[in-house]
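Heads up, my_file.csv below (CSV, C-alpha atoms):
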```csv
chain,number,residue,atom,x,y,z
A,222,MET,CA,1.7,-64.8,-16.8
A,223,LYS,CA,-1.1,-63.1,-14.9
A,224,LYS,CA,1.2,-60.4,-13.6
A,225,GLY,CA,2.4,-59.6,-17.2
A,226,MET,CA,-1.2,-59.4,-18.4
A,227,ILE,CA,-2.2,-57.0,-15.6
A,228,ILE,CA,0.8,-54.7,-16.5
A,229,SER,CA,-0.1,-54.9,-20.2
A,230,VAL,CA,-3.7,-53.9,-19.4
A,231,LEU,CA,-2.6,-51.0,-17.3
A,232,ILE,CA,-0.3,-49.7,-20.0
A,233,PHE,CA,-2.9,-50.2,-22.7
A,234,CYS,CA,-5.9,-48.7,-20.7
A,235,GLY,CA,-4.0,-45.9,-19.0
A,236,VAL,CA,-5.0,-43.8,-16.0
A,237,CYS,CA,-8.7,-44.8,-16.0
A,238,THR,CA,-7.8,-48.4,-15.3
A,239,VAL,CA,-5.5,-47.4,-12.5
A,240,GLN,CA,-8.2,-45.3,-10.9
A,241,THR,CA,-10.6,-48.2,-11.2
A,242,LEU,CA,-8.2,-50.6,-9.6
A,243,TRP,CA,-7.6,-48.1,-6.7
A,244,GLY,CA,-11.3,-47.7,-6.2
A,245,LYS,CA,-11.4,-44.1,-7.1
A,246,GLU,CA,-14.4,-44.3,-9.4
A,247,ASP,CA,-17.0,-45.3,-6.9
A,248,LEU,CA,-19.7,-43.5,-5.0
A,249,GLN,CA,-17.5,-42.6,-2.0
A,250,GLY,CA,-14.7,-41.5,-4.3
A,251,TYR,CA,-16.9,-39.1,-6.2
A,252,ILE,CA,-18.5,-37.7,-3.0
A,253,SER,CA,-15.0,-37.1,-1.7
A,254,ASP,CA,-14.0,-35.5,-5.0
A,255,LEU,CA,-16.8,-32.9,-4.5
A,256,LYS,CA,-14.6,-31.5,-1.8
A,257,SER,CA,-11.5,-31.2,-3.9
A,258,LYS,CA,-9.7,-27.8,-4.4
A,259,GLU,CA,-9.6,-28.6,-8.1
A,260,VAL,CA,-12.6,-27.4,-10.1
A,261,ALA,CA,-12.2,-30.0,-12.8
A,262,ILE,CA,-12.3,-32.8,-10.3
A,263,ARG,CA,-15.4,-31.3,-8.6
A,264,ARG,CA,-17.1,-30.9,-12.0
A,265,LYS,CA,-16.4,-34.5,-13.0
A,266,ALA,CA,-17.6,-35.8,-9.6
A,267,ALA,CA,-20.9,-33.8,-9.9
A,268,ARG,CA,-21.4,-35.2,-13.4
A,269,GLU,CA,-20.5,-38.8,-12.6
A,270,LEU,CA,-22.8,-39.0,-9.5
A,271,ARG,CA,-25.8,-39.1,-11.8
A,272,ASN,CA,-25.0,-42.8,-12.1
A,273,TYR,CA,-25.7,-43.4,-8.4
A,274,SER,CA,-29.4,-43.4,-7.3
A,275,SER,CA,-28.6,-43.3,-3.6
A,276,LYS,CA,-29.7,-40.9,-0.9
A,277,GLU,CA,-26.0,-40.4,-0.2
A,278,ALA,CA,-25.4,-39.2,-3.8
A,279,VAL,CA,-28.4,-36.9,-3.7
A,280,ARG,CA,-27.3,-35.3,-0.4
A,281,ALA,CA,-23.8,-34.7,-1.8
A,282,LEU,CA,-25.2,-33.2,-5.0
A,283,ILE,CA,-27.6,-31.0,-3.0
A,284,LYS,CA,-24.5,-29.7,-1.2
A,285,ALA,CA,-22.8,-29.1,-4.5
A,286,LEU,CA,-25.6,-26.7,-5.5
A,287,LYS,CA,-23.7,-24.2,-3.3
A,288,ASP,CA,-20.3,-24.8,-4.9
A,289,ARG,CA,-18.4,-21.6,-5.7
A,290,ASN,CA,-18.0,-22.7,-9.4
A,291,PHE,CA,-21.0,-22.4,-11.6
A,292,MET,CA,-20.1,-25.4,-13.7
A,293,VAL,CA,-20.0,-27.7,-10.7
A,294,ARG,CA,-23.5,-26.3,-9.7
A,295,ALA,CA,-24.8,-26.8,-13.2
A,296,ASN,CA,-23.5,-30.4,-13.3
A,297,ALA,CA,-25.0,-31.1,-9.9
A,298,CYS,CA,-28.4,-29.9,-11.2
A,299,GLU,CA,-28.2,-32.1,-14.2
A,300,SER,CA,-27.3,-35.1,-12.1
A,301,LEU,CA,-30.1,-34.5,-9.6
A,302,GLY,CA,-32.5,-34.4,-12.6
A,303,ARG,CA,-31.2,-37.7,-13.9
A,304,ILE,CA,-31.5,-39.4,-10.5
A,305,ARG,CA,-35.1,-38.0,-10.2
A,306,ASP,CA,-35.3,-38.1,-6.4
A,307,LYS,CA,-38.1,-35.8,-5.2
A,308,GLY,CA,-36.0,-34.9,-2.1
A,309,ALA,CA,-34.0,-32.7,-4.4
A,310,THR,CA,-37.1,-30.6,-5.5
A,311,ARG,CA,-36.9,-27.9,-2.9
A,312,PRO,CA,-33.1,-27.3,-3.2
A,313,LEU,CA,-33.5,-27.2,-7.0
A,314,VAL,CA,-36.3,-24.7,-6.8
A,315,LYS,CA,-34.2,-22.5,-4.5
A,316,THR,CA,-31.3,-22.8,-7.0
A,317,LEU,CA,-33.7,-21.9,-9.9
A,318,LEU,CA,-34.9,-18.8,-8.0
A,319,LYS,CA,-31.6,-17.6,-6.5
A,320,ASP,CA,-28.5,-18.7,-8.4
A,321,LYS,CA,-26.7,-15.8,-10.2
A,322,ASN,CA,-25.8,-17.9,-13.2
A,323,SER,CA,-28.4,-18.4,-15.9
A,324,GLU,CA,-26.9,-21.8,-17.0
A,325,VAL,CA,-27.3,-23.1,-13.5
A,326,ARG,CA,-30.8,-21.8,-13.3
A,327,MET,CA,-31.7,-23.4,-16.6
A,328,ASN,CA,-30.2,-26.7,-15.5
A,329,ALA,CA,-32.2,-26.5,-12.2
A,330,ALA,CA,-35.4,-26.0,-14.2
A,331,ILE,CA,-34.7,-28.9,-16.5
A,332,ALA,CA,-33.9,-31.1,-13.5
A,333,ILE,CA,-37.2,-30.1,-11.9
A,334,GLY,CA,-38.8,-31.2,-15.1
A,335,TYR,CA,-37.3,-34.6,-15.0
A,336,ILE,CA,-38.3,-35.1,-11.3
A,337,ARG,CA,-41.9,-34.1,-12.1
A,338,ASP,CA,-42.8,-33.0,-8.6
A,339,GLU,CA,-45.9,-30.8,-8.4
A,340,GLU,CA,-44.4,-29.2,-5.3
A,341,ALA,CA,-42.2,-27.2,-7.7
A,342,ILE,CA,-45.1,-25.5,-9.6
A,343,LYS,CA,-45.1,-22.3,-7.5
A,344,GLY,CA,-41.3,-21.9,-7.8
A,345,LEU,CA,-41.5,-22.5,-11.6
A,346,LEU,CA,-44.2,-19.9,-12.0
A,347,LYS,CA,-42.2,-17.4,-9.9
A,348,SER,CA,-39.3,-18.0,-12.2
A,349,LEU,CA,-41.5,-17.6,-15.3
A,350,ARG,CA,-42.5,-14.2,-14.0
A,351,LYS,CA,-39.2,-12.9,-12.6
A,352,ASP,CA,-36.2,-14.5,-14.3
A,353,LYS,CA,-34.3,-11.9,-16.4
A,354,THR,CA,-32.9,-14.5,-18.8
A,355,PRO,CA,-35.3,-15.5,-21.7
A,356,GLY,CA,-33.8,-18.9,-22.1
A,357,VAL,CA,-34.6,-19.8,-18.5
A,358,ARG,CA,-38.2,-18.5,-18.9
A,359,ILE,CA,-38.5,-20.6,-22.1
A,360,SER,CA,-37.3,-23.7,-20.3
A,361,VAL,CA,-39.7,-23.0,-17.4
A,362,ALA,CA,-42.7,-22.6,-19.7
A,363,THR,CA,-41.9,-25.8,-21.5
A,364,ILE,CA,-41.5,-27.7,-18.2
A,365,LEU,CA,-44.8,-26.3,-16.9
A,366,GLY,CA,-46.5,-27.6,-20.0
A,367,ASN,CA,-44.9,-31.0,-19.6
A,368,LEU,CA,-46.0,-31.2,-16.0
A,369,ARG,CA,-49.6,-30.5,-17.2
A,370,ASP,CA,-50.7,-29.1,-13.9
A,371,HIS,CA,-53.7,-26.8,-14.3
A,372,SER,CA,-52.6,-24.5,-11.6
A,373,ALA,CA,-50.0,-23.2,-14.1
A,374,ILE,CA,-52.6,-21.9,-16.5
A,375,THR,CA,-52.9,-18.4,-15.2
A,376,GLY,CA,-49.1,-17.9,-15.1
A,377,LEU,CA,-48.7,-19.3,-18.6
A,378,VAL,CA,-51.5,-17.1,-20.0
A,379,LYS,CA,-49.8,-14.0,-18.4
A,380,ALA,CA,-46.5,-15.0,-20.0
A,381,LEU,CA,-48.2,-15.5,-23.3
A,382,LEU,CA,-49.8,-12.0,-23.2
A,383,GLU,CA,-47.2,-10.0,-21.4
A,384,ASP,CA,-43.7,-11.4,-21.8
A,385,GLY,CA,-41.4,-9.2,-23.9
A,386,ASN,CA,-39.6,-12.2,-25.5
A,387,GLU,CA,-41.2,-14.0,-28.4
A,388,GLY,CA,-39.6,-17.3,-27.6
A,389,VAL,CA,-41.2,-17.2,-24.1
A,390,ARG,CA,-44.6,-16.4,-25.6
A,391,VAL,CA,-44.3,-19.3,-28.0
A,392,SER,CA,-43.3,-21.7,-25.3
A,393,ALA,CA,-46.1,-20.5,-23.1
A,394,ALA,CA,-48.6,-21.0,-25.9
A,395,GLN,CA,-47.2,-24.5,-26.5
A,396,ALA,CA,-47.5,-25.3,-22.8
A,397,LEU,CA,-51.1,-24.1,-22.7
A,398,GLY,CA,-51.7,-26.4,-25.8
A,399,LYS,CA,-50.4,-29.4,-23.8
A,400,LEU,CA,-52.7,-28.5,-20.9
A,401,HIS,CA,-55.6,-28.2,-23.3
A,402,ALA,CA,-54.7,-31.5,-24.9
A,403,ARG,CA,-54.7,-33.2,-21.5
A,404,GLU,CA,-58.1,-31.8,-20.7
A,405,SER,CA,-59.5,-32.8,-24.1
A,406,ALA,CA,-58.2,-36.4,-23.7
A,407,ALA,CA,-59.8,-36.7,-20.2
```
Would you encode the structure as structure tokens?
Amino acid sequence: MKKGMIISVLIFCGVCTVQTLWGKEDLQGYISDLKSKEVAIRRKAARELRNYSSKEAVRALIKALKDRNFMVRANACESLGRIRDKGATRPLVKTLLKDKNSEVRMNAAIAIGYIRDEEAIKGLLKSLRKDKTPGVRISVATILGNLRDHSAITGLVKALLEDGNEGVRVSAAQALGKLHARESAA
């Protein structure tokens, strides 16, 4: 009877159940999948590792920030943000400042915002000044406001007055408002 039930469950649930029974969907399996030749497998692994708050997962995701496929790198950024390990701050700042893909840079900025490490302020400010993509600068300004670190005021004021994109200027103004609100509440 048990053997018949297992076969029925396998047929009903399909491949996902088979993978679970074989131990594929675990931490080591996803870390191993980050080395796959198949982009879809690496993307999924980078996305799924967000569910593991271990140093091993963080190390693997940091390595994935250098993957040749931008979607793998974007998923790695997002997962690192969800895990919120401050050990990922420097690699994420480096990705924010150097990655060629704007989606990856934006995900790196958002991840930094989730981690909330003041060590990232200088890198965020540099990105606010130099990134060519308005969407990235908008995200960075918003994150700087959320971090509420007063060392960001000068950079935000400069963005408010000088950035050529209206969305960036609005985000900088909102971020400055959050900083002022914090000061008023104190």
Nearest residue to A:Leu382 from the set A:Lys343, A:Ile283, A:Arg350, A:Val314 (distances using all atoms listed in the file):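 Of A:Lys343, A:Ile283, A:Arg350, A:Val314, the one nearest A:Leu382, counting all atoms listed in the file, is A:Arg350.
Rounded to one decimal, atom CA of A:Leu301 and atom CA of A:Arg390 lie 28.2 Å from each other.
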Best match for closeness to A:His401 among A:Arg369, A:Arg264, A:Lys315, A:Lys379, counting all atoms listed in the file: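 Closest candidate: A:Arg369.
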Answer as a PyMOL selection string, residues within 12 Å of (-32.9, -24.5, -15.4) using all atoms listed in the file: chain A and resi 294-299+301-302+313-335+344-345+348-349+352+354-364
Two-atom distance - atom CA of A:Met292, atom CA of A:Arg337 (Å):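 Separation between atom CA of A:Met292 and atom CA of A:Arg337: 23.5 Å.
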Residue among A:Arg271, A:Lys287, A:Lys347, A:Lys399 lying closest to A:Asp370, counting all atoms listed in the file: A:Lys399
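Atom pair atom CA of A:Lys351 / atom CA of A:Gly366 has a distance of 18.0 Å (rounded to one decimal).
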Near-A:Leu381 list (9 Å; all atoms listed in the file; drop same-chain fewer than 6 positions) as a VMD selection string: chain A and resid 387 389 to 394
